[in-house]
Amino acid sequence: MTEMFPFRNLDFTRFPDESSSSKDFSKILQPLSGFVGFNDLSVRILSPFHLCQDECIKLTNIQSEISNLLSAKQPVTSSFEISEDPRSKCSQRSSEKLDETSRSEVSEQALSTTEIIWLAGEKFIQSSSVGVYDSLELDLSSSTFLLGPDKKERDVQVIQHLLAAAEKVDEEQFDRAIVLLNQCDEYACAEGNPIQRLVYYFTKALRVRIGLKTGRLTSKDMEKLKWIDITKTIQSAIPTSLMVHRHVPFSQVVHLTAAQAILEAVAEAKRIHIVDLDIGIGVQFSSLIQGLASRQECPVEHLKITAVGTKSKSEIEKAGVWLEAFAVSMNLSFSFNIVMVSDMLDLDASLFKLNSNESLAVYSSFLLWTMICQQDRLECLMKVLRSINPCVIFVAENEANINSTVFVSRFTEALFYYGAHFDCLENCLSDDPARNILESVNYGHAIENILMPEKEQRTTRYVKVNVWKTFFTRFNMVQIELSTYSLYQARLVAKNFGCGSSCSLAMDGKSLLVGWKGTPLISLSVWKFT
């Protein structure tokens, strides 16, 4: 039989590749009611305006520390361990640890979720080589399938079973796959440790794939589930985003790196126009507004932000209201525009109200991947951006190779990618209600979509920064190097979090990769048109 599952060929010891008026403030600070899991007090404390104030205080402290470091001429790479090779340290450390780890030692070592997956992969290969999973009737009473008494050992074993189940699903041996998934369900738990949570959502997604492949589930069934997910997302979006922004380092690293890149690009401009392709709650502009308002040389006369959207206009308007209030509190002249189109194909340069005396910048945060499965929309967007010719474009995207038509490749990459995310939330959010919402609504739905059969509407498609580089060059874009100041700032922002030591930063050419315990999760890059 042709080998269809690549786990047996993977080296699991290496990194897997591939102040305003009181009226205005009353709008900003009023409780956001109707969100499950968040009481009025927590929402008031975590309003976008309060987070902006907190971020500004933090930024002031960071700027002071950077000034001291720069005056001492301390190299950024040696001081803050920003590696030139995003995989070398992680793969070497993990290889050494896993080479020394035997079955009896698993319980004595604190392995990360990614390292547990590596170890389980090696054990899966060993078991597969002697045909453990190939018998007609799986002997679930054997020591191979019974989960051990030690918690960490069970983590490794259940990932083994999950890998075996995925292999059987790919080979369409659904009966054997279901037996293995039942074994996984004995340990999986939506509110357990990171491995239990990870396995819970992956086993659920594999069952959906089996249902679609066998006809037990239909596209209509999936549409119903999709609408339920949309409702949950709407109910939880703002409180969850605010909690993640406050407690998980990735968000603030992205926001402050973007702000610094834009500030440097418009350093000599008095009138500034920023186009945001997916503004969300708008908290990403707090540090930028503070930086522009405090500029002594070449003071800013006016800042205009234009938000592009295809849905949820009322939410975009709310972001504009509090952004304006925050700008006024900083004594910065400000205006907010919205460009609403029913389809990205309708986007046109004439909609942006551009002025020749403005310096134009574009902010794109986790939007481009949503159009990978709609190439005509992506091409249209890029052509519009080229026609308005901004002086700088900041791009943040997920750093994973989850666009393959080969199921097992997507499964492998997704397991490592989301394993790091679940590990991160265990450290940063722990028992916070936002964690369960983020995992079930965001991660759970994404994992399910990634593992869908190719003929279904598979929309969750991530690609790595090297793919974006190739794509951007088609539109005559060149990459701009991140400044030393940006790198200092990114490291210090992460350092300010209690879990910041696990937030890894690495350079991939001119791009900054932000990750967790050595696993890259986000790519940050800055561009301009030639």
# chains A, B, ... in the order shown; residues from 1 in each chain; ligands from 1
call {"tool": "residues_around", "arguments": {"residues": "range 396-403 of chain A", "least_positions_apart": "6", "cutoff": "10 Å", "atoms": "only C-alpha atoms", "output": "PyMOL selection string"}}
result
chain A and resi 16-18+254-255+257-258+363-369+372-373+409-414+416-418+450-451+458-468+511-515+519-526
call {"tool": "write_last_selection", "arguments": {"atoms": "C-alpha atoms", "output": "mmCIF file, in the first residue's frame"}}
result
data_model
loop_
_atom_site.group_PDB
_atom_site.id
_atom_site.type_symbol
_atom_site.label_atom_id
_atom_site.label_comp_id
_atom_site.auth_asym_id
_atom_site.auth_seq_id
_atom_site.Cartn_x
_atom_site.Cartn_y
_atom_site.Cartn_z
ATOM 1 C CA PRO A 16 7.862 21.418 12.127
ATOM 2 C CA ASP A 17 8.259 23.435 8.940
ATOM 3 C CA GLU A 18 6.166 24.153 6.807
ATOM 4 C CA VAL A 254 1.744 43.350 17.358
ATOM 5 C CA HIS A 255 0.094 46.702 18.142
ATOM 6 C CA THR A 257 5.403 47.106 16.568
ATOM 7 C CA ALA A 258 2.849 48.377 14.062
ATOM 8 C CA TYR A 363 -2.691 48.646 8.708
ATOM 9 C CA SER A 364 -3.535 45.018 7.886
ATOM 10 C CA SER A 365 -3.928 42.716 10.864
ATOM 11 C CA PHE A 366 -4.934 39.079 10.322
ATOM 12 C CA LEU A 367 -7.126 39.878 7.321
ATOM 13 C CA LEU A 368 -5.272 38.674 4.228
ATOM 14 C CA TRP A 369 -5.527 34.978 5.162
ATOM 15 C CA ILE A 372 -6.733 33.075 0.396
ATOM 16 C CA CYS A 373 -9.716 30.991 -0.698
ATOM 17 C CA SER A 409 -0.093 17.897 6.171
ATOM 18 C CA ARG A 410 -2.805 20.227 7.429
ATOM 19 C CA PHE A 411 -3.435 17.991 10.428
ATOM 20 C CA THR A 412 0.227 17.903 11.426
ATOM 21 C CA GLU A 413 0.774 21.641 11.105
ATOM 22 C CA ALA A 414 -2.502 22.483 12.855
ATOM 23 C CA PHE A 416 1.617 21.941 16.439
ATOM 24 C CA TYR A 417 0.196 25.415 15.800
ATOM 25 C CA TYR A 418 -2.839 25.113 18.057
ATOM 26 C CA ILE A 450 -9.087 23.016 8.723
ATOM 27 C CA LEU A 451 -9.808 19.274 8.927
ATOM 28 C CA ARG A 458 -12.602 25.106 3.888
ATOM 29 C CA THR A 459 -11.901 28.776 4.611
ATOM 30 C CA THR A 460 -9.274 28.647 7.386
ATOM 31 C CA ARG A 461 -6.076 28.764 5.352
ATOM 32 C CA TYR A 462 -2.846 30.143 6.832
ATOM 33 C CA VAL A 463 0.452 30.459 4.998
ATOM 34 C CA LYS A 464 3.902 31.387 6.265
ATOM 35 C CA VAL A 465 5.631 34.707 5.740
ATOM 36 C CA ASN A 466 7.807 33.376 2.896
ATOM 37 C CA VAL A 467 4.616 32.768 0.888
ATOM 38 C CA TRP A 468 3.406 36.320 1.544
ATOM 39 C CA SER A 511 10.243 39.869 9.332
ATOM 40 C CA LEU A 512 9.669 39.438 13.057
ATOM 41 C CA LEU A 513 8.174 36.113 14.143
ATOM 42 C CA VAL A 514 6.278 36.150 17.430
ATOM 43 C CA GLY A 515 5.763 32.765 19.027
ATOM 44 C CA THR A 519 6.994 27.868 18.017
ATOM 45 C CA PRO A 520 6.330 30.809 15.643
ATOM 46 C CA LEU A 521 2.653 31.812 15.611
ATOM 47 C CA ILE A 522 2.563 35.315 14.088
ATOM 48 C CA SER A 523 4.612 37.088 11.430
ATOM 49 C CA LEU A 524 5.059 40.879 11.408
ATOM 50 C CA SER A 525 6.377 42.651 8.334
ATOM 51 C CA VAL A 526 6.484 46.163 6.876
#
call {"tool": "residues_around", "arguments": {"residues": "Cys184 in chain A", "least_positions_apart": "2", "cutoff": "10 Å", "atoms": "only C-alpha atoms", "output": "ChimeraX atom specification"}}
result
/A:145,147,157-162,165,178-182,186-189,196,199-200,202-203
call {"tool": "write_last_selection", "arguments": {"atoms": "N, CA and C atoms", "output": "mmCIF file, in the first residue's frame"}}
result
data_model
loop_
_atom_site.group_PDB
_atom_site.id
_atom_site.type_symbol
_atom_site.label_atom_id
_atom_site.label_comp_id
_atom_site.auth_asym_id
_atom_site.auth_seq_id
_atom_site.Cartn_x
_atom_site.Cartn_y
_atom_site.Cartn_z
ATOM 1 N N PHE A 145 -2.691 0.581 24.421
ATOM 2 C CA PHE A 145 -3.843 1.474 24.331
ATOM 3 C C PHE A 145 -4.342 1.967 25.681
ATOM 4 N N LEU A 147 -4.285 3.966 28.920
ATOM 5 C CA LEU A 147 -3.555 5.152 29.354
ATOM 6 C C LEU A 147 -2.913 4.892 30.707
ATOM 7 N N GLN A 157 0.538 9.557 25.487
ATOM 8 C CA GLN A 157 -0.199 8.426 24.924
ATOM 9 C C GLN A 157 -1.441 8.882 24.157
ATOM 10 N N VAL A 158 -2.162 9.852 24.694
ATOM 11 C CA VAL A 158 -3.396 10.266 24.027
ATOM 12 C C VAL A 158 -3.093 10.967 22.696
ATOM 13 N N ILE A 159 -1.971 11.692 22.613
ATOM 14 C CA ILE A 159 -1.570 12.285 21.331
ATOM 15 C C ILE A 159 -1.198 11.175 20.347
ATOM 16 N N GLN A 160 -0.553 10.107 20.849
ATOM 17 C CA GLN A 160 -0.269 8.941 20.014
ATOM 18 C C GLN A 160 -1.547 8.403 19.383
ATOM 19 N N HIS A 161 -2.559 8.204 20.216
ATOM 20 C CA HIS A 161 -3.840 7.683 19.731
ATOM 21 C C HIS A 161 -4.471 8.645 18.725
ATOM 22 N N LEU A 162 -4.332 9.929 18.984
ATOM 23 C CA LEU A 162 -4.905 10.929 18.077
ATOM 24 C C LEU A 162 -4.223 10.866 16.706
ATOM 25 N N ALA A 165 -5.495 7.819 14.970
ATOM 26 C CA ALA A 165 -6.863 8.036 14.497
ATOM 27 C C ALA A 165 -6.868 8.871 13.220
ATOM 28 N N ILE A 178 -12.781 5.465 14.694
ATOM 29 C CA ILE A 178 -13.748 5.756 15.759
ATOM 30 C C ILE A 178 -13.357 5.048 17.052
ATOM 31 N N VAL A 179 -12.841 3.831 16.942
ATOM 32 C CA VAL A 179 -12.369 3.119 18.139
ATOM 33 C C VAL A 179 -11.267 3.919 18.827
ATOM 34 N N LEU A 180 -10.331 4.423 18.045
ATOM 35 C CA LEU A 180 -9.228 5.216 18.608
ATOM 36 C C LEU A 180 -9.727 6.553 19.162
ATOM 37 N N LEU A 181 -10.674 7.159 18.476
ATOM 38 C CA LEU A 181 -11.234 8.428 18.964
ATOM 39 C C LEU A 181 -11.983 8.222 20.276
ATOM 40 N N ASN A 182 -12.638 7.069 20.417
ATOM 41 C CA ASN A 182 -13.312 6.768 21.689
ATOM 42 C C ASN A 182 -12.309 6.681 22.828
ATOM 43 N N GLU A 186 -11.822 9.326 26.331
ATOM 44 C CA GLU A 186 -11.728 8.946 27.743
ATOM 45 C C GLU A 186 -10.881 9.940 28.534
ATOM 46 N N TYR A 187 -9.966 10.613 27.838
ATOM 47 C CA TYR A 187 -9.046 11.536 28.509
ATOM 48 C C TYR A 187 -9.276 12.992 28.117
ATOM 49 N N ALA A 188 -9.818 13.200 26.919
ATOM 50 C CA ALA A 188 -10.035 14.565 26.432
ATOM 51 C C ALA A 188 -11.044 15.303 27.295
ATOM 52 N N CYS A 189 -10.840 16.621 27.424
ATOM 53 C CA CYS A 189 -11.740 17.429 28.255
ATOM 54 C C CYS A 189 -11.604 18.891 27.840
ATOM 55 N N GLN A 196 -5.371 17.904 27.040
ATOM 56 C CA GLN A 196 -6.753 17.429 27.077
ATOM 57 C C GLN A 196 -7.662 18.312 26.238
ATOM 58 N N VAL A 199 -6.806 17.800 22.428
ATOM 59 C CA VAL A 199 -7.343 16.533 21.938
ATOM 60 C C VAL A 199 -8.863 16.599 21.835
ATOM 61 N N TYR A 200 -9.504 17.276 22.760
ATOM 62 C CA TYR A 200 -10.967 17.406 22.734
ATOM 63 C C TYR A 200 -11.427 18.015 21.411
ATOM 64 N N PHE A 202 -9.656 18.400 18.555
ATOM 65 C CA PHE A 202 -9.217 17.663 17.370
ATOM 66 C C PHE A 202 -10.033 16.380 17.167
ATOM 67 N N THR A 203 -10.385 15.692 18.247
ATOM 68 C CA THR A 203 -11.232 14.500 18.091
ATOM 69 C C THR A 203 -12.616 14.904 17.588
#
call {"tool": "atom_distance", "arguments": {"atom1": "CA of Gly509 in chain A", "atom2": "CA of Thr470 in chain A"}}
result
13.3 Å
call {"tool": "select_by_dssp", "arguments": {"residues": "range 126-358 of chain A", "states": "strand (DSSP E or B)", "output": "PyMOL selection string"}}
result
chain A and resi 271-276+302-309+334-340
call {"tool": "write_last_selection", "arguments": {"atoms": "N, CA, C and O atoms", "output": "PDB file, in the first residue's frame"}}
result
ATOM      1  N   ARG A 271      -0.046  65.906   8.503  1.00  0.00           N
ATOM      2  CA  ARG A 271      -1.397  65.358   8.339  1.00  0.00           C
ATOM      3  C   ARG A 271      -1.258  63.884   7.941  1.00  0.00           C
ATOM      4  O   ARG A 271      -0.605  63.568   6.950  1.00  0.00           O
ATOM      5  N   ILE A 272      -1.863  63.024   8.729  1.00  0.00           N
ATOM      6  CA  ILE A 272      -1.641  61.582   8.582  1.00  0.00           C
ATOM      7  C   ILE A 272      -2.977  60.879   8.389  1.00  0.00           C
ATOM      8  O   ILE A 272      -3.951  61.158   9.089  1.00  0.00           O
ATOM      9  N   HIS A 273      -2.996  59.956   7.448  1.00  0.00           N
ATOM     10  CA  HIS A 273      -4.190  59.182   7.138  1.00  0.00           C
ATOM     11  C   HIS A 273      -3.842  57.699   7.219  1.00  0.00           C
ATOM     12  O   HIS A 273      -2.925  57.231   6.529  1.00  0.00           O
ATOM     13  N   ILE A 274      -4.548  56.970   8.064  1.00  0.00           N
ATOM     14  CA  ILE A 274      -4.300  55.537   8.219  1.00  0.00           C
ATOM     15  C   ILE A 274      -5.537  54.766   7.781  1.00  0.00           C
ATOM     16  O   ILE A 274      -6.645  55.029   8.249  1.00  0.00           O
ATOM     17  N   VAL A 275      -5.343  53.810   6.896  1.00  0.00           N
ATOM     18  CA  VAL A 275      -6.415  52.925   6.448  1.00  0.00           C
ATOM     19  C   VAL A 275      -6.255  51.595   7.165  1.00  0.00           C
ATOM     20  O   VAL A 275      -5.211  50.936   7.046  1.00  0.00           O
ATOM     21  N   ASP A 276      -7.271  51.209   7.952  1.00  0.00           N
ATOM     22  CA  ASP A 276      -7.253  49.930   8.661  1.00  0.00           C
ATOM     23  C   ASP A 276      -8.206  48.977   7.949  1.00  0.00           C
ATOM     24  O   ASP A 276      -9.395  49.266   7.810  1.00  0.00           O
ATOM     25  N   HIS A 302      -3.330  66.849  12.098  1.00  0.00           N
ATOM     26  CA  HIS A 302      -4.565  66.067  12.053  1.00  0.00           C
ATOM     27  C   HIS A 302      -4.270  64.599  11.765  1.00  0.00           C
ATOM     28  O   HIS A 302      -3.387  64.269  10.969  1.00  0.00           O
ATOM     29  N   LEU A 303      -5.017  63.734  12.445  1.00  0.00           N
ATOM     30  CA  LEU A 303      -4.960  62.289  12.189  1.00  0.00           C
ATOM     31  C   LEU A 303      -6.335  61.829  11.717  1.00  0.00           C
ATOM     32  O   LEU A 303      -7.345  62.091  12.363  1.00  0.00           O
ATOM     33  N   LYS A 304      -6.341  61.134  10.597  1.00  0.00           N
ATOM     34  CA  LYS A 304      -7.582  60.557  10.076  1.00  0.00           C
ATOM     35  C   LYS A 304      -7.414  59.049   9.972  1.00  0.00           C
ATOM     36  O   LYS A 304      -6.411  58.560   9.456  1.00  0.00           O
ATOM     37  N   ILE A 305      -8.393  58.324  10.489  1.00  0.00           N
ATOM     38  CA  ILE A 305      -8.394  56.864  10.368  1.00  0.00           C
ATOM     39  C   ILE A 305      -9.606  56.456   9.546  1.00  0.00           C
ATOM     40  O   ILE A 305     -10.734  56.884   9.828  1.00  0.00           O
ATOM     41  N   THR A 306      -9.372  55.654   8.530  1.00  0.00           N
ATOM     42  CA  THR A 306     -10.454  55.114   7.711  1.00  0.00           C
ATOM     43  C   THR A 306     -10.511  53.611   7.930  1.00  0.00           C
ATOM     44  O   THR A 306      -9.513  52.910   7.731  1.00  0.00           O
ATOM     45  N   ALA A 307     -11.667  53.129   8.361  1.00  0.00           N
ATOM     46  CA  ALA A 307     -11.862  51.698   8.593  1.00  0.00           C
ATOM     47  C   ALA A 307     -12.603  51.088   7.414  1.00  0.00           C
ATOM     48  O   ALA A 307     -13.642  51.600   6.992  1.00  0.00           O
ATOM     49  N   VAL A 308     -12.061  50.006   6.889  1.00  0.00           N
ATOM     50  CA  VAL A 308     -12.704  49.273   5.786  1.00  0.00           C
ATOM     51  C   VAL A 308     -13.458  48.091   6.372  1.00  0.00           C
ATOM     52  O   VAL A 308     -12.947  47.371   7.235  1.00  0.00           O
ATOM     53  N   GLY A 309     -14.686  47.882   5.917  1.00  0.00           N
ATOM     54  CA  GLY A 309     -15.470  46.770   6.418  1.00  0.00           C
ATOM     55  C   GLY A 309     -16.470  46.251   5.408  1.00  0.00           C
ATOM     56  O   GLY A 309     -16.892  46.976   4.503  1.00  0.00           O
ATOM     57  N   PHE A 334      -8.636  64.884  15.231  1.00  0.00           N
ATOM     58  CA  PHE A 334      -8.911  63.515  14.781  1.00  0.00           C
ATOM     59  C   PHE A 334     -10.221  63.444  14.014  1.00  0.00           C
ATOM     60  O   PHE A 334     -11.191  64.143  14.332  1.00  0.00           O
ATOM     61  N   SER A 335     -10.254  62.589  12.996  1.00  0.00           N
ATOM     62  CA  SER A 335     -11.503  62.276  12.300  1.00  0.00           C
ATOM     63  C   SER A 335     -11.521  60.795  11.948  1.00  0.00           C
ATOM     64  O   SER A 335     -10.464  60.162  11.802  1.00  0.00           O
ATOM     65  N   PHE A 336     -12.728  60.263  11.815  1.00  0.00           N
ATOM     66  CA  PHE A 336     -12.893  58.828  11.589  1.00  0.00           C
ATOM     67  C   PHE A 336     -13.874  58.598  10.447  1.00  0.00           C
ATOM     68  O   PHE A 336     -14.992  59.128  10.458  1.00  0.00           O
ATOM     69  N   ASN A 337     -13.449  57.845   9.452  1.00  0.00           N
ATOM     70  CA  ASN A 337     -14.303  57.529   8.310  1.00  0.00           C
ATOM     71  C   ASN A 337     -14.479  56.026   8.189  1.00  0.00           C
ATOM     72  O   ASN A 337     -13.635  55.238   8.651  1.00  0.00           O
ATOM     73  N   ILE A 338     -15.580  55.630   7.572  1.00  0.00           N
ATOM     74  CA  ILE A 338     -15.855  54.210   7.335  1.00  0.00           C
ATOM     75  C   ILE A 338     -16.092  53.994   5.847  1.00  0.00           C
ATOM     76  O   ILE A 338     -16.863  54.723   5.218  1.00  0.00           O
ATOM     77  N   VAL A 339     -15.412  52.996   5.292  1.00  0.00           N
ATOM     78  CA  VAL A 339     -15.659  52.573   3.915  1.00  0.00           C
ATOM     79  C   VAL A 339     -16.312  51.198   3.980  1.00  0.00           C
ATOM     80  O   VAL A 339     -15.656  50.205   4.300  1.00  0.00           O
ATOM     81  N   MET A 340     -17.622  51.146   3.750  1.00  0.00           N
ATOM     82  CA  MET A 340     -18.361  49.886   3.782  1.00  0.00           C
ATOM     83  C   MET A 340     -18.628  49.414   2.355  1.00  0.00           C
ATOM     84  O   MET A 340     -19.135  50.166   1.527  1.00  0.00           O
TER      85      MET A 340
END
call {"tool": "atom_distance", "arguments": {"atom1": "CA of Pro194 in chain A", "atom2": "CA of Phe422 in chain A"}}
result
5.3 Å
call {"tool": "residues_around", "arguments": {"residues": "range 172-176 of chain A", "least_positions_apart": "2", "cutoff": "10 Å", "atoms": "only C-alpha atoms", "output": "PyMOL selection string"}}
result
chain A and resi 133-138+164-170+178-182+207+210-211+213-214
call {"tool": "select_by_dssp", "arguments": {"residues": "range 181-275 of chain A", "states": "helix (DSSP H, G or I)", "output": "VMD selection string"}}
result
chain A and resid 181 to 185 194 to 214 219 to 247 249 to 265
call {"tool": "write_last_selection", "arguments": {"atoms": "C-alpha atoms", "output": "short mmCIF file (atom, residue, chain, number, x, y, z; two decimals), in the first residue's frame"}}
result
data_model
loop_
_atom_site.label_atom_id
_atom_site.label_comp_id
_atom_site.auth_asym_id
_atom_site.auth_seq_id
_atom_site.Cartn_x
_atom_site.Cartn_y
_atom_site.Cartn_z
CA LEU A 181 -11.23 8.43 18.96
CA ASN A 182 -13.31 6.77 21.69
CA GLN A 183 -10.06 6.07 23.51
CA CYS A 184 -9.07 9.72 23.14
CA ASP A 185 -12.45 10.81 24.50
CA PRO A 194 -3.70 22.00 27.38
CA ILE A 195 -3.29 18.49 25.92
CA GLN A 196 -6.75 17.43 27.08
CA ARG A 197 -8.28 20.56 25.53
CA LEU A 198 -6.30 20.17 22.32
CA VAL A 199 -7.34 16.53 21.94
CA TYR A 200 -10.97 17.41 22.73
CA TYR A 201 -11.25 19.79 19.78
CA PHE A 202 -9.22 17.66 17.37
CA THR A 203 -11.23 14.50 18.09
CA LYS A 204 -14.42 16.52 17.63
CA ALA A 205 -13.13 17.83 14.29
CA LEU A 206 -12.11 14.35 13.11
CA ARG A 207 -15.62 13.08 13.91
CA VAL A 208 -17.07 15.89 11.81
CA ARG A 209 -14.81 14.89 8.92
CA ILE A 210 -15.92 11.25 9.27
CA GLY A 211 -19.56 12.39 9.31
CA LEU A 212 -19.12 14.41 6.12
CA LYS A 213 -17.19 11.64 4.40
CA THR A 214 -19.80 8.98 5.27
CA SER A 219 -23.38 20.73 4.29
CA LYS A 220 -26.75 21.96 5.60
CA ASP A 221 -25.93 20.51 9.03
CA MET A 222 -22.64 22.39 8.97
CA GLU A 223 -24.39 25.63 8.00
CA LYS A 224 -26.64 25.34 11.07
CA LEU A 225 -23.61 24.85 13.30
CA LYS A 226 -21.91 27.78 11.58
CA TRP A 227 -24.77 30.13 12.46
CA ILE A 228 -24.62 29.00 16.09
CA ASP A 229 -20.88 29.77 16.09
CA ILE A 230 -21.53 33.23 14.60
CA THR A 231 -24.00 34.02 17.38
CA LYS A 232 -21.49 32.94 20.03
CA THR A 233 -18.77 35.00 18.37
CA ILE A 234 -20.92 38.16 18.35
CA GLN A 235 -21.83 37.68 22.01
CA SER A 236 -18.26 37.16 23.18
CA ALA A 237 -16.09 39.18 20.78
CA ILE A 238 -15.46 42.42 22.69
CA PRO A 239 -14.95 41.06 26.24
CA THR A 240 -12.76 38.23 24.97
CA SER A 241 -10.65 40.58 22.83
CA LEU A 242 -10.11 42.90 25.79
CA MET A 243 -9.07 40.07 28.11
CA VAL A 244 -6.67 38.64 25.53
CA HIS A 245 -5.21 42.10 24.94
CA ARG A 246 -4.56 42.56 28.65
CA HIS A 247 -3.16 39.14 29.53
CA PRO A 249 1.53 39.26 25.08
CA PHE A 250 0.97 38.71 21.35
CA SER A 251 -1.65 41.42 20.92
CA GLN A 252 0.38 44.25 22.43
CA VAL A 253 3.59 43.14 20.68
CA VAL A 254 1.74 43.35 17.36
CA HIS A 255 0.09 46.70 18.14
CA LEU A 256 3.22 48.46 19.37
CA THR A 257 5.40 47.11 16.57
CA ALA A 258 2.85 48.38 14.06
CA ALA A 259 2.63 51.76 15.78
CA GLN A 260 6.41 52.17 15.77
CA ALA A 261 6.69 51.26 12.08
CA ILE A 262 3.99 53.78 11.14
CA LEU A 263 5.42 56.51 13.41
CA GLU A 264 8.81 56.15 11.76
CA ALA A 265 7.31 56.22 8.26
#
call {"tool": "residues_around", "arguments": {"residues": "Ser501 in chain A", "least_positions_apart": "4", "cutoff": "10 Å", "atoms": "only C-alpha atoms", "output": "count of residues only"}}
result
7
call {"tool": "atom_distance", "arguments": {"atom1": "CA of Ile316 in chain A", "atom2": "CA of Gly280 in chain A"}}
result
7.0 Å
call {"tool": "residues_around", "arguments": {"residues": "range 427-440 of chain A", "least_positions_apart": "3", "cutoff": "6 Å", "atoms": "only C-alpha atoms", "output": "PyMOL selection string"}}
result
chain A and resi 37+240+247-248+424+443-444
call {"tool": "residues_around", "arguments": {"residues": "Ser342 in chain A", "least_positions_apart": "3", "cutoff": "12 Å", "atoms": "only C-alpha atoms", "output": "list in words"}}
result
Val308, Gly309, Thr310, Lys311, Ser312, Lys313, Val339, Leu345, Asp346, Leu347 and Arg377 of chain A
call {"tool": "write_last_selection", "arguments": {"atoms": "all heavy atoms", "output": "CSV table (one decimal), in the first residue's frame"}}
result
chain,number,residue,atom,x,y,z
A,308,VAL,N,-12.1,50.0,6.9
A,308,VAL,CA,-12.7,49.3,5.8
A,308,VAL,C,-13.5,48.1,6.4
A,308,VAL,O,-12.9,47.4,7.2
A,308,VAL,CB,-11.7,48.8,4.8
A,308,VAL,CG1,-12.3,48.0,3.7
A,308,VAL,CG2,-10.9,49.9,4.2
A,309,GLY,N,-14.7,47.9,5.9
A,309,GLY,CA,-15.5,46.8,6.4
A,309,GLY,C,-16.5,46.3,5.4
A,309,GLY,O,-16.9,47.0,4.5
A,310,THR,N,-16.8,45.0,5.6
A,310,THR,CA,-17.9,44.4,4.7
A,310,THR,C,-19.1,44.0,5.6
A,310,THR,O,-20.1,43.5,5.0
A,310,THR,CB,-17.3,43.1,4.0
A,310,THR,OG1,-16.9,42.2,5.0
A,310,THR,CG2,-16.2,43.5,3.0
A,311,LYS,N,-19.0,44.1,6.9
A,311,LYS,CA,-20.1,43.8,7.8
A,311,LYS,C,-19.9,44.5,9.1
A,311,LYS,O,-18.8,45.1,9.4
A,311,LYS,CB,-20.2,42.3,8.0
A,311,LYS,CG,-18.9,41.6,8.5
A,311,LYS,CD,-19.0,40.1,8.5
A,311,LYS,CE,-17.6,39.5,9.0
A,311,LYS,NZ,-17.7,38.0,9.0
A,312,SER,N,-20.9,44.4,10.0
A,312,SER,CA,-20.8,44.9,11.4
A,312,SER,C,-20.5,46.4,11.4
A,312,SER,O,-19.6,46.8,12.1
A,312,SER,CB,-19.8,44.1,12.2
A,312,SER,OG,-20.1,42.7,12.2
A,313,LYS,N,-21.2,47.2,10.6
A,313,LYS,CA,-20.9,48.6,10.6
A,313,LYS,C,-21.1,49.3,12.0
A,313,LYS,O,-20.4,50.2,12.3
A,313,LYS,CB,-21.9,49.3,9.6
A,313,LYS,CG,-21.6,50.8,9.4
A,313,LYS,CD,-22.4,51.4,8.3
A,313,LYS,CE,-22.1,52.9,8.2
A,313,LYS,NZ,-22.9,53.6,7.2
A,339,VAL,N,-15.4,53.0,5.3
A,339,VAL,CA,-15.7,52.6,3.9
A,339,VAL,C,-16.3,51.2,4.0
A,339,VAL,O,-15.7,50.2,4.3
A,339,VAL,CB,-14.4,52.5,3.1
A,339,VAL,CG1,-14.6,51.9,1.7
A,339,VAL,CG2,-13.8,53.9,2.9
A,345,LEU,N,-14.7,42.9,-3.8
A,345,LEU,CA,-14.6,43.2,-5.2
A,345,LEU,C,-15.1,44.6,-5.6
A,345,LEU,O,-14.8,45.2,-6.6
A,345,LEU,CB,-15.3,42.2,-6.0
A,345,LEU,CG,-14.8,40.8,-6.1
A,345,LEU,CD1,-15.7,39.8,-6.8
A,345,LEU,CD2,-13.4,40.8,-6.7
A,346,ASP,N,-15.9,45.2,-4.6
A,346,ASP,CA,-16.4,46.6,-4.8
A,346,ASP,C,-15.5,47.7,-4.3
A,346,ASP,O,-15.8,48.8,-4.4
A,346,ASP,CB,-17.8,46.7,-4.2
A,346,ASP,CG,-18.8,45.7,-4.7
A,346,ASP,OD1,-18.7,45.4,-5.9
A,346,ASP,OD2,-19.7,45.2,-3.9
A,347,LEU,N,-14.4,47.3,-3.7
A,347,LEU,CA,-13.5,48.3,-3.1
A,347,LEU,C,-12.8,49.1,-4.2
A,347,LEU,O,-12.4,48.5,-5.2
A,347,LEU,CB,-12.4,47.6,-2.2
A,347,LEU,CG,-11.6,48.5,-1.3
A,347,LEU,CD1,-12.4,49.1,-0.3
A,347,LEU,CD2,-10.5,47.7,-0.7
A,377,ARG,N,-10.8,38.4,-4.7
A,377,ARG,CA,-10.9,39.5,-3.7
A,377,ARG,C,-9.5,40.0,-3.2
A,377,ARG,O,-9.3,41.2,-3.1
A,377,ARG,CB,-11.7,39.0,-2.4
A,377,ARG,CG,-13.2,39.1,-2.5
A,377,ARG,CD,-13.8,38.0,-3.3
A,377,ARG,NE,-15.3,38.1,-3.3
A,377,ARG,CZ,-16.0,37.4,-4.2
A,377,ARG,NH1,-15.4,36.5,-5.0
A,377,ARG,NH2,-17.3,37.4,-4.1
call {"tool": "closest_residue", "arguments": {"among": "A:His445, A:Val395, A:Asn389, A:Asp150", "to": "Ile480 in chain A", "atoms": "only C-alpha atoms"}}
result
A:Val395
